[in-house]
file model.cif (mmCIF, C-alpha atoms)
data_query
loop_
_atom_site.label_atom_id
_atom_site.label_comp_id
_atom_site.auth_asym_id
_atom_site.auth_seq_id
_atom_site.Cartn_x
_atom_site.Cartn_y
_atom_site.Cartn_z
CA MET A 1 338.26 14.08 -21.00
CA ASN A 2 340.50 16.35 -23.06
CA ILE A 3 337.84 16.50 -25.77
CA ILE A 4 335.30 17.85 -23.27
CA ILE A 5 337.76 20.43 -21.90
CA ASP A 6 338.69 21.49 -25.45
CA GLY A 7 334.99 21.82 -26.29
CA LEU A 8 334.37 24.02 -23.24
CA GLU A 9 337.43 26.11 -24.07
CA ASN A 10 336.16 26.65 -27.61
CA LEU A 11 332.68 27.48 -26.35
CA PHE A 12 333.70 30.00 -23.67
CA PHE A 13 336.94 31.54 -24.88
CA LYS A 14 336.77 31.30 -28.66
CA LEU A 15 332.95 31.47 -28.90
CA GLN A 16 333.12 28.65 -31.43
CA VAL A 17 330.84 25.65 -31.58
CA ASP A 18 332.29 22.21 -32.13
CA PRO A 19 329.86 20.44 -34.43
CA SER A 20 328.88 16.92 -33.50
CA ALA A 21 330.88 15.68 -36.48
CA THR A 22 334.16 16.70 -34.80
CA ASN A 23 333.14 16.36 -31.13
CA ASP A 24 331.17 13.33 -29.98
CA TYR A 25 330.58 14.96 -26.59
CA VAL A 26 328.81 18.10 -27.83
CA VAL A 27 325.74 17.40 -25.64
CA ILE A 28 327.86 17.10 -22.48
CA VAL A 29 329.87 20.19 -23.44
CA PHE A 30 326.66 22.19 -23.84
CA ALA A 31 325.21 20.94 -20.53
CA LEU A 32 328.46 21.70 -18.69
CA GLY A 33 328.49 25.15 -20.27
CA CYS A 34 324.97 25.75 -18.96
CA MET A 35 326.08 24.62 -15.52
CA VAL A 36 329.07 26.99 -15.52
CA ILE A 37 326.84 29.92 -16.49
CA GLY A 38 324.37 28.89 -13.77
CA VAL A 39 327.09 28.89 -11.11
CA LEU A 40 328.39 32.24 -12.37
CA THR A 41 324.85 33.60 -12.08
CA VAL A 42 324.72 32.68 -8.39
CA ILE A 43 328.19 34.19 -7.84
CA VAL A 44 327.11 37.51 -9.38
CA ASP A 45 323.87 37.43 -7.36
CA CYS A 46 325.83 36.72 -4.18
CA CYS A 47 328.17 39.64 -4.89
CA ALA A 48 325.20 41.95 -5.47
CA TYR A 49 323.57 40.72 -2.26
CA TYR A 50 326.61 41.46 -0.14
CA THR A 51 327.44 44.82 -1.76
CA VAL A 52 324.01 46.47 -2.08
CA ASP A 53 322.02 44.24 0.33
CA ARG A 54 319.67 43.19 -2.43
CA SER A 55 319.56 40.00 -4.47
CA PRO A 56 318.45 40.51 -8.09
CA LEU A 57 317.27 36.90 -8.12
CA ALA A 58 315.47 37.26 -4.77
CA LEU A 59 317.68 34.65 -3.11
CA LYS A 60 318.44 34.80 0.61
CA HIS A 61 322.15 34.20 0.86
CA GLY A 62 323.96 33.00 3.95
CA LYS A 63 323.96 29.36 4.96
CA LYS A 64 321.93 28.47 1.86
CA THR A 65 324.38 29.95 -0.66
CA PHE A 66 326.25 26.69 -1.20
CA LEU A 67 322.92 24.96 -1.82
CA TYR A 68 322.07 27.63 -4.43
CA PHE A 69 325.33 26.90 -6.24
CA ILE A 70 324.54 23.20 -6.43
CA LEU A 71 320.86 23.52 -7.31
CA TRP A 72 321.16 26.34 -9.82
CA GLY A 73 324.13 24.78 -11.58
CA GLY A 74 322.66 21.28 -11.42
CA GLY A 75 319.30 22.43 -12.72
CA ALA A 76 320.95 24.28 -15.60
CA PHE A 77 322.96 21.14 -16.40
CA ILE A 78 319.84 18.95 -16.46
CA ILE A 79 317.76 21.42 -18.51
CA GLY A 80 320.67 21.93 -20.92
CA LEU A 81 321.17 18.18 -21.26
CA PHE A 82 317.50 17.45 -21.92
CA GLY A 83 317.13 20.47 -24.17
CA GLN A 84 320.11 19.44 -26.26
CA CYS A 85 319.01 15.80 -26.41
CA LEU A 86 315.59 16.95 -27.62
CA GLU A 87 317.28 19.39 -30.01
CA ILE A 88 315.51 22.40 -28.50
CA PHE A 89 318.71 24.45 -28.20
CA VAL A 90 321.47 25.18 -30.68
CA VAL A 91 324.91 24.73 -29.15
CA SER A 92 326.13 28.28 -28.63
CA MET A 93 327.27 30.58 -25.89
CA GLN A 94 323.99 32.49 -26.10
CA SER A 95 321.99 29.31 -25.53
CA CYS A 96 324.19 28.40 -22.56
CA ALA A 97 323.56 31.83 -21.07
CA PHE A 98 319.82 31.58 -21.71
CA VAL A 99 319.57 28.19 -20.01
CA GLY A 100 322.07 28.93 -17.23
CA ILE A 101 320.44 32.19 -16.19
CA GLY A 102 316.80 31.71 -17.04
CA TRP A 103 315.87 28.09 -16.38
CA PRO A 104 314.51 28.57 -12.82
CA ILE A 105 312.40 31.55 -13.84
CA MET A 106 310.90 29.69 -16.79
CA PHE A 107 310.38 26.56 -14.69
CA ALA A 108 308.62 28.52 -11.92
CA LYS A 109 306.32 30.22 -14.43
CA MET A 110 305.45 26.87 -16.01
CA VAL A 111 304.61 25.40 -12.59
CA ASP A 112 302.46 28.43 -11.70
CA THR A 113 300.63 28.21 -15.01
CA ALA A 114 300.03 24.50 -14.55
CA ASN A 115 298.71 25.07 -11.01
CA LYS A 116 296.37 27.82 -12.18
CA GLU A 117 295.04 25.63 -14.97
CA LYS A 118 294.51 22.80 -12.51
CA MET A 119 292.62 25.12 -10.16
CA ASN A 120 290.43 26.33 -13.03
CA HIS A 121 289.63 22.77 -14.09
CA ASP A 122 288.89 21.64 -10.54
CA ASP A 123 286.14 24.27 -10.15
CA GLU A 124 284.19 23.02 -13.16
CA PRO A 125 281.80 20.11 -12.63
CA GLU A 126 282.36 17.03 -14.71
CA GLN A 127 280.06 16.62 -17.68
CA LYS A 128 278.77 13.22 -18.69
CA VAL A 129 278.30 12.43 -22.35
CA GLY A 130 275.30 10.23 -23.14
CA ASP A 131 273.88 7.44 -21.00
#
call {"tool": "encode", "arguments": {"input": "model.cif", "output": "structure tokens"}}
result
Amino acid sequence: MNIIIDGLENLFFKLQVDPSATNDYVVIVFALGCMVIGVLTVIVDCCAYYTVDRSPLALKHGKKTFLYFILWGGGAFIIGLFGQCLEIFVVSMQSCAFVGIGWPIMFAKMVDTANKEKMNHDDEPEQKVGD
């Protein structure tokens, strides 16, 4: 457990990356870093919502705010974990911020694109090749 805490401390406060040669938990450290940034994103959005009555992320705070903390942070953790396991992201503070802040926006755009493509393909009649 101390190795994970030391890895997070290095990532956030020293802006240093522990290579996998010295830290066996680099994937978990990265995913937890993404989750922390995700939760911080919701906190900043919540502060903006209650100070200027407008949410930059278009979230409706109130009773759902706690749910936003869990879902945004959890989603960032999962995307960071899968992204690191697939070696899509380099372990860095910038990557944590990118995943923690932007994963829902990218995910929503991918779903919209997939739905539009499905709608376009559904309109076309099937073509048969040879009898």
call {"tool": "resolve_selection", "arguments": {"input": "model.cif", "expression": "the PyMOL selection byres ((chain A and resi 40-49) around 9)", "output": "list in words"}}
result
Met35, Val36, Ile37, Gly38, Val39, Tyr50, Thr51, Val52, Asp53, Arg54, Ser55, Pro56, Leu57, Ala58, Leu59, Lys60, His61, Thr65, Tyr68, Phe69, Trp72, Gly73, Gly100 and Ile101 of chain A
call {"tool": "resolve_selection", "arguments": {"input": "model.cif", "expression": "the PyMOL selection byres ((chain A and resi 91) around 12)", "output": "JSON, numbers by chain"}}
result
{"A": [7, 8, 10, 11, 12, 15, 16, 17, 18, 19, 20, 23, 25, 26, 27, 28, 29, 30, 31, 32, 33, 34, 80, 81, 83, 84, 85, 87, 88, 89, 90, 92, 93, 94, 95, 96, 97, 98, 99]}
call {"tool": "atom_distance", "arguments": {"input": "model.cif", "atom1": "CA of Glu9 in chain A", "atom2": "CA of Ile105 in chain A"}}
result
27.6 Å
call {"tool": "atom_distance", "arguments": {"input": "model.cif", "atom1": "CA of Ala108 in chain A", "atom2": "CA of Phe66 in chain A"}}
result
20.7 Å
call {"tool": "atom_distance", "arguments": {"input": "model.cif", "atom1": "CA of Trp103 in chain A", "atom2": "CA of Phe77 in chain A"}}
result
9.9 Å
